[in-house]
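This report concerns only the one structure given below.
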Protein chains: 2
Amino acid sequence: MPDDQSQRRMFAIFNEVGIIAQLSRAMFEARLPEGVLLPHFSLINHLMRVRDGQTPLVLARAFQVPKTTMTHIISVAVKHGWVELHPNPKDGRSKTVWLTDAGRAFRDRAIADLGPDLTHVADALSVPDQEGLLTRLTDLRIHLDRARDAD
Amino acid sequence: MPDDQSQRRMFAIFNEVGIIAQLSRAMFEARLPEGVLLPHFSLINHLMRVRDGQTPLVLARAFQVPKTTMTHIISVAVKHGWVELHPNPKDGRSKTVWLTDAGRAFRDRAIADLGPDLTHVADALSVPDQEGLLTRLTDLRIHLDRARDAD
DNA sequence: ACTATATAGTGCGAAATCGTACTATATAGG
DNA sequence: CCTATATAGTACGATTTCGCACTATATAGT
């Protein structure tokens, strides 16, 4: 079994993943308000999907970004009035991030605006292919995550 | 057929793609020299895989980045001595980007250093799953590309 | 309780990304 | 040939990302 072949295939996979990440990000951002970028939306979306009240550090880990980057992303969301920072009653060093009604409204609007694009793009693949793709991407992501933790 | 379901699935796919792009980029950059980032490597790799002598604008389109970004990426590669800029004999406004021996050596070394990581990560999926994944990602990328061109 | 170490968040500076505007050159229409 | 328009590249500034260092607070060991 040629190991070289497998390396090239994985390289090609990561190459496609990188291009798709870039194109899909551009597609998303085209539907967001001027100056609002994917990370800003992703933060609000995450707080709604999982739950708000999490600390910045937990959020930084969830998004795989340095904590300084998360500080900045949160500050933008605060400036827009989408989240509020409160003290963490369980840890004086820490804070908690809470959604506002405006934040929830912004997310709902963005999701609705994104819908048609997602529907259109879904045409690229059959439903079984979509499911297979998602399953394998998830496997790969988990594997990469574990490899990273092994540092 | 619930359209909503398909939207959620595509959203989840793009979410995984974004995370994998981030993790694989970090994995790559950990093997590159200090301060060298993925776009710098990608430029050199592209010039070797496809061919050098292309113009900055053509390269910007190939990487789906604004031409100002490509100017910057090329300037870093010039600073490292990996590429040289020459006039474009066919167009006085334009330039051409050529690899140096140092650039080729840098790319060969980087590929070799990346190999073990790629092999390790290939364990996440069977060979047929890798092939299926690559095929579907390519289909999706082509579809996104066409959707973008339709603007 | 006291000290040493670890952790949460942020200020700061460097680099990357990218939109706008500008210069130089090319192309098209008359 | 001359003018109008389009295109290639870059200078500049705003924003994002992120490493380093610092402060404040928590936790562990004695």
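We label chains A, B, ... in the order they appear in the structure tokens, count residues from 1 in each chain, and number ligands from 1 in the order shown.
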
Do me a favour and pick out the residues of chain C within 12 Å of chain A, using only C-alpha atoms (C1' of nucleotides), as a ChimeraX atom specification. /C:7-12,18-19

Output C-alpha atoms (C1' of nucleotides) of each residue in that selection to a file, as a short mmCIF file (atom, residue, chain, number, x, y, z; two decimals), in the first residue's frame.
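Result file is selection.cif:
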```
data_model
loop_
_atom_site.label_atom_id
_atom_site.label_comp_id
_atom_site.auth_asym_id
_atom_site.auth_seq_id
_atom_site.Cartn_x
_atom_site.Cartn_y
_atom_site.Cartn_z
"C1'" DT C 7 -5.22 30.47 35.46
"C1'" DA C 8 -8.60 34.36 33.37
"C1'" DG C 9 -8.73 38.28 30.99
"C1'" DT C 10 -6.66 42.31 28.62
"C1'" DG C 11 -3.16 45.88 26.73
"C1'" DC C 12 0.06 46.18 23.27
"C1'" DC C 18 -8.81 43.38 2.33
"C1'" DG C 19 -11.42 47.67 0.55
#
```

With a distance cut-off of 12 Å and only C-alpha atoms (C1' of nucleotides), select the neighbouring residues of Ile111 (chain B), excluding the residue or stretch itself and same-chain residues fewer than 2 positions from it, and output the selection as a PyMOL selection string. (chain A and resi 4+7-8+11) or (chain B and resi 28-29+31-32+41-42+44-45+48+104-109+113-118)

Write a file of the just-selected residues containing N, CA and C atoms, as a JSON list (two decimals), in the first residue's frame.
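Okay, again-v9.json is ready:
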```json
[["chain", "number", "residue", "atom", "x", "y", "z"],
["A", 4, "ASP", "N", 2.78, 7.03, 0.10],
["A", 4, "ASP", "CA", 2.87, 8.30, -0.60],
["A", 4, "ASP", "C", 1.52, 8.71, -1.20],
["A", 7, "GLN", "N", -0.71, 10.06, 1.47],
["A", 7, "GLN", "CA", -0.31, 11.43, 1.83],
["A", 7, "GLN", "C", -0.83, 12.44, 0.82],
["A", 8, "ARG", "N", -0.67, 12.11, -0.44],
["A", 8, "ARG", "CA", -1.14, 13.03, -1.48],
["A", 8, "ARG", "C", -2.64, 13.22, -1.41],
["A", 11, "PHE", "N", -3.47, 15.40, 1.48],
["A", 11, "PHE", "CA", -3.08, 16.77, 1.13],
["A", 11, "PHE", "C", -4.16, 17.41, 0.24],
["B", 28, "PHE", "N", -0.18, 22.27, 9.69],
["B", 28, "PHE", "CA", 0.80, 22.60, 8.65],
["B", 28, "PHE", "C", 1.80, 23.63, 9.15],
["B", 29, "GLU", "N", 1.26, 24.69, 9.73],
["B", 29, "GLU", "CA", 2.13, 25.80, 10.11],
["B", 29, "GLU", "C", 3.11, 25.40, 11.21],
["B", 31, "ARG", "N", 4.82, 22.85, 11.18],
["B", 31, "ARG", "CA", 5.97, 22.24, 10.51],
["B", 31, "ARG", "C", 6.74, 23.23, 9.65],
["B", 32, "LEU", "N", 6.20, 24.40, 9.45],
["B", 32, "LEU", "CA", 6.89, 25.40, 8.62],
["B", 32, "LEU", "C", 7.82, 26.23, 9.50],
["B", 41, "PHE", "N", 3.54, 29.19, 1.93],
["B", 41, "PHE", "CA", 3.84, 27.86, 1.39],
["B", 41, "PHE", "C", 2.96, 27.55, 0.18],
["B", 42, "SER", "N", 1.68, 27.87, 0.29],
["B", 42, "SER", "CA", 0.74, 27.53, -0.79],
["B", 42, "SER", "C", 1.13, 28.19, -2.10],
["B", 44, "ILE", "N", 4.20, 29.02, -3.15],
["B", 44, "ILE", "CA", 5.35, 28.30, -3.72],
["B", 44, "ILE", "C", 4.90, 26.94, -4.26],
["B", 45, "ASN", "N", 4.09, 26.26, -3.49],
["B", 45, "ASN", "CA", 3.61, 24.94, -3.90],
["B", 45, "ASN", "C", 2.83, 25.02, -5.21],
["B", 48, "MET", "N", 5.01, 25.51, -8.20],
["B", 48, "MET", "CA", 5.70, 24.28, -8.60],
["B", 48, "MET", "C", 4.74, 23.27, -9.23],
["B", 104, "ARG", "N", 12.31, 26.38, -4.51],
["B", 104, "ARG", "CA", 12.06, 24.95, -4.75],
["B", 104, "ARG", "C", 12.57, 24.11, -3.59],
["B", 105, "ALA", "N", 13.72, 24.50, -3.04],
["B", 105, "ALA", "CA", 14.29, 23.74, -1.92],
["B", 105, "ALA", "C", 13.39, 23.88, -0.69],
["B", 106, "PHE", "N", 12.89, 25.08, -0.46],
["B", 106, "PHE", "CA", 11.99, 25.32, 0.68],
["B", 106, "PHE", "C", 10.75, 24.44, 0.57],
["B", 107, "ARG", "N", 10.19, 24.37, -0.62],
["B", 107, "ARG", "CA", 8.97, 23.59, -0.82],
["B", 107, "ARG", "C", 9.23, 22.10, -0.62],
["B", 108, "ASP", "N", 10.34, 21.59, -1.17],
["B", 108, "ASP", "CA", 10.65, 20.17, -1.01],
["B", 108, "ASP", "C", 10.84, 19.82, 0.46],
["B", 109, "ARG", "N", 11.54, 20.66, 1.18],
["B", 109, "ARG", "CA", 11.75, 20.43, 2.60],
["B", 109, "ARG", "C", 10.41, 20.43, 3.36],
["B", 113, "ASP", "N", 8.72, 17.46, 5.55],
["B", 113, "ASP", "CA", 8.43, 17.63, 6.98],
["B", 113, "ASP", "C", 6.96, 17.39, 7.30],
["B", 114, "LEU", "N", 6.11, 17.63, 6.30],
["B", 114, "LEU", "CA", 4.66, 17.47, 6.51],
["B", 114, "LEU", "C", 4.23, 16.01, 6.41],
["B", 115, "GLY", "N", 5.00, 15.22, 5.71],
["B", 115, "GLY", "CA", 4.63, 13.83, 5.42],
["B", 115, "GLY", "C", 4.12, 13.03, 6.60],
["B", 116, "PRO", "N", 4.89, 12.95, 7.68],
["B", 116, "PRO", "CA", 4.46, 12.14, 8.82],
["B", 116, "PRO", "C", 3.09, 12.56, 9.37],
["B", 117, "ASP", "N", 2.84, 13.85, 9.43],
["B", 117, "ASP", "CA", 1.54, 14.32, 9.91],
["B", 117, "ASP", "C", 0.42, 13.83, 9.00],
["B", 118, "LEU", "N", 0.67, 13.90, 7.69],
["B", 118, "LEU", "CA", -0.35, 13.47, 6.73],
["B", 118, "LEU", "C", -0.62, 11.98, 6.88]]
```

In chain A, DSSP helix (DSSP H, G or I) residues written as an MDAnalysis selection string: chainID A and resid 3:31 38:49 56:63 67:79 101:122 127:149

Export, as a short mmCIF file (atom, residue, chain, number, x, y, z; two decimals), in the first residue's frame, the selected residues with C-alpha atoms.
```
data_model
loop_
_atom_site.label_atom_id
_atom_site.label_comp_id
_atom_site.auth_asym_id
_atom_site.auth_seq_id
_atom_site.Cartn_x
_atom_site.Cartn_y
_atom_site.Cartn_z
CA ASP A 3 2.00 5.47 1.75
CA ASP A 4 2.87 8.30 -0.60
CA GLN A 5 -0.47 7.92 -2.33
CA SER A 6 -2.33 8.32 0.94
CA GLN A 7 -0.31 11.43 1.83
CA ARG A 8 -1.14 13.03 -1.48
CA ARG A 9 -4.81 12.21 -1.06
CA MET A 10 -4.95 13.73 2.41
CA PHE A 11 -3.08 16.77 1.13
CA ALA A 12 -5.65 17.15 -1.64
CA ILE A 13 -8.48 16.77 0.88
CA PHE A 14 -7.10 19.55 3.08
CA ASN A 15 -6.62 21.66 0.00
CA GLU A 16 -10.29 21.29 -0.97
CA VAL A 17 -11.34 21.88 2.62
CA GLY A 18 -9.39 25.13 2.68
CA ILE A 19 -10.95 26.36 -0.55
CA ILE A 20 -14.48 25.41 0.55
CA ALA A 21 -13.95 27.12 3.91
CA GLN A 22 -12.95 30.28 2.07
CA LEU A 23 -15.79 30.17 -0.45
CA SER A 24 -18.48 29.32 2.10
CA ARG A 25 -17.22 32.03 4.42
CA ALA A 26 -17.50 34.56 1.60
CA MET A 27 -21.02 33.28 0.84
CA PHE A 28 -22.05 33.70 4.46
CA GLU A 29 -20.52 37.11 4.90
CA ALA A 30 -22.29 38.37 1.78
CA ARG A 31 -25.57 37.86 3.69
CA LEU A 38 -18.29 35.11 10.20
CA PRO A 39 -16.63 34.91 13.64
CA HIS A 40 -19.07 37.51 15.00
CA PHE A 41 -22.02 35.54 13.74
CA SER A 42 -20.51 32.25 14.87
CA LEU A 43 -20.16 33.51 18.43
CA ILE A 44 -23.82 34.51 18.66
CA ASN A 45 -24.92 31.32 16.96
CA HIS A 46 -22.87 29.21 19.34
CA LEU A 47 -24.28 30.97 22.39
CA MET A 48 -27.79 30.23 21.14
CA ARG A 49 -27.17 26.65 20.02
CA PRO A 56 -14.53 33.80 27.18
CA LEU A 57 -11.90 31.11 27.70
CA VAL A 58 -14.39 28.29 27.21
CA LEU A 59 -15.57 30.01 24.04
CA ALA A 60 -12.01 30.46 22.81
CA ARG A 61 -11.46 26.72 23.21
CA ALA A 62 -14.72 25.89 21.48
CA PHE A 63 -13.65 27.97 18.48
CA LYS A 67 -8.05 33.86 24.04
CA THR A 68 -6.88 37.28 22.83
CA THR A 69 -8.76 36.70 19.60
CA MET A 70 -11.89 35.75 21.52
CA THR A 71 -11.57 38.91 23.62
CA HIS A 72 -11.63 40.90 20.41
CA ILE A 73 -14.55 39.01 18.86
CA ILE A 74 -16.59 39.45 22.04
CA SER A 75 -15.78 43.16 22.17
CA VAL A 76 -17.22 43.57 18.68
CA ALA A 77 -20.38 41.73 19.72
CA VAL A 78 -20.64 43.97 22.79
CA LYS A 79 -20.25 47.05 20.60
CA ASP A 101 -32.61 40.21 22.74
CA ALA A 102 -30.87 42.14 19.97
CA GLY A 103 -28.31 39.36 19.70
CA ARG A 104 -31.02 36.72 19.36
CA ALA A 105 -32.85 38.83 16.78
CA PHE A 106 -29.64 39.34 14.79
CA ARG A 107 -28.99 35.59 14.73
CA ASP A 108 -32.55 34.71 13.67
CA ARG A 109 -32.41 37.23 10.85
CA ALA A 110 -29.02 36.00 9.67
CA ILE A 111 -30.15 32.37 9.66
CA ALA A 112 -33.20 33.30 7.61
CA ASP A 113 -31.12 35.30 5.14
CA LEU A 114 -28.68 32.41 4.76
CA GLY A 115 -31.34 29.81 4.09
CA PRO A 116 -31.72 30.23 0.32
CA ASP A 117 -27.97 29.98 -0.22
CA LEU A 118 -27.84 26.78 1.80
CA THR A 119 -30.71 25.32 -0.16
CA HIS A 120 -29.07 26.24 -3.43
CA VAL A 121 -25.75 24.72 -2.42
CA ALA A 122 -27.44 21.55 -1.20
CA VAL A 127 -28.95 13.59 0.48
CA PRO A 128 -27.01 10.34 1.08
CA ASP A 129 -23.85 12.03 -0.19
CA GLN A 130 -24.47 14.95 2.16
CA GLU A 131 -24.87 12.55 5.05
CA GLY A 132 -21.77 10.61 4.09
CA LEU A 133 -19.77 13.78 3.71
CA LEU A 134 -20.85 15.08 7.10
CA THR A 135 -20.04 11.78 8.79
CA ARG A 136 -16.56 11.59 7.32
CA LEU A 137 -15.79 15.22 7.99
CA THR A 138 -16.81 14.70 11.59
CA ASP A 139 -14.57 11.64 11.86
CA LEU A 140 -11.67 13.59 10.42
CA ARG A 141 -12.29 16.56 12.69
CA ILE A 142 -12.36 14.37 15.78
CA HIS A 143 -9.14 12.71 14.71
CA LEU A 144 -7.43 16.06 14.15
CA ASP A 145 -8.70 17.29 17.50
CA ARG A 146 -7.24 14.28 19.28
CA ALA A 147 -3.92 14.66 17.47
CA ARG A 148 -3.78 18.27 18.60
CA ASP A 149 -4.52 17.39 22.23
#
```

Please identify every residue of chain D that has at least one atom no more than 10 Å from any atom of chain B, counting only C-alpha atoms (C1' of nucleotides), and report them as an mmCIF file with C-alpha atoms (C1' of nucleotides), in the first residue's frame.
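Result file selection.cif:
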```
data_model
loop_
_atom_site.group_PDB
_atom_site.id
_atom_site.type_symbol
_atom_site.label_atom_id
_atom_site.label_comp_id
_atom_site.auth_asym_id
_atom_site.auth_seq_id
_atom_site.Cartn_x
_atom_site.Cartn_y
_atom_site.Cartn_z
ATOM 1 C "C1'" DT D 7 -7.069 46.506 -16.423
ATOM 2 C "C1'" DA D 8 -2.505 45.349 -13.478
ATOM 3 C "C1'" DG D 9 -0.239 46.397 -9.659
ATOM 4 C "C1'" DT D 10 0.566 49.016 -5.362
#
```

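Residue nearest chain B, chosen from A:Leu85, A:Val50, A:Val97, A:Val65 and counting only C-alpha atoms: A:Val65.
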
What separation in Å, quoted to one decimal, exists between CA of His80 (chain B) and C1' of DA24 (chain C)? 27.6 Å

Please identify which residues in region 9-145 of chain B DSSP calls strand (DSSP E) from the backbone, and express them as a list in words. Val83, Glu84, Leu85, His86, Pro87, Lys95, Thr96, Val97, Trp98 and Leu99 of chain B

Store the residues picked out above, limited to C-alpha atoms, as a tab-separated table (two decimals), in the first residue's frame.
```tsv
chain	number	residue	atom	x	y	z
B	83	VAL	CA	10.47	33.93	-5.87
B	84	GLU	CA	11.51	36.76	-8.17
B	85	LEU	CA	9.37	39.28	-10.00
B	86	HIS	CA	10.10	39.97	-13.66
B	87	PRO	CA	8.37	42.25	-16.16
B	95	LYS	CA	4.63	41.21	-13.83
B	96	THR	CA	5.48	37.54	-13.72
B	97	VAL	CA	6.40	35.46	-10.67
B	98	TRP	CA	9.29	33.01	-10.94
B	99	LEU	CA	10.58	30.43	-8.49
```

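Atom pair CA of Ala124 (chain A) / CA of Val36 (chain A): separated by 27.2 Å.
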
One decimal, in Å: what's the spacing between CA of Thr100 (chain B) and CA of Gly35 (chain B)?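 That distance, rounded to one decimal, is 19.9 Å.
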
Tell me which of B:Pro89, B:Gly81, B:Pro66, B:Gly53 sits closest to chain A, counting only C-alpha atoms. B:Pro66
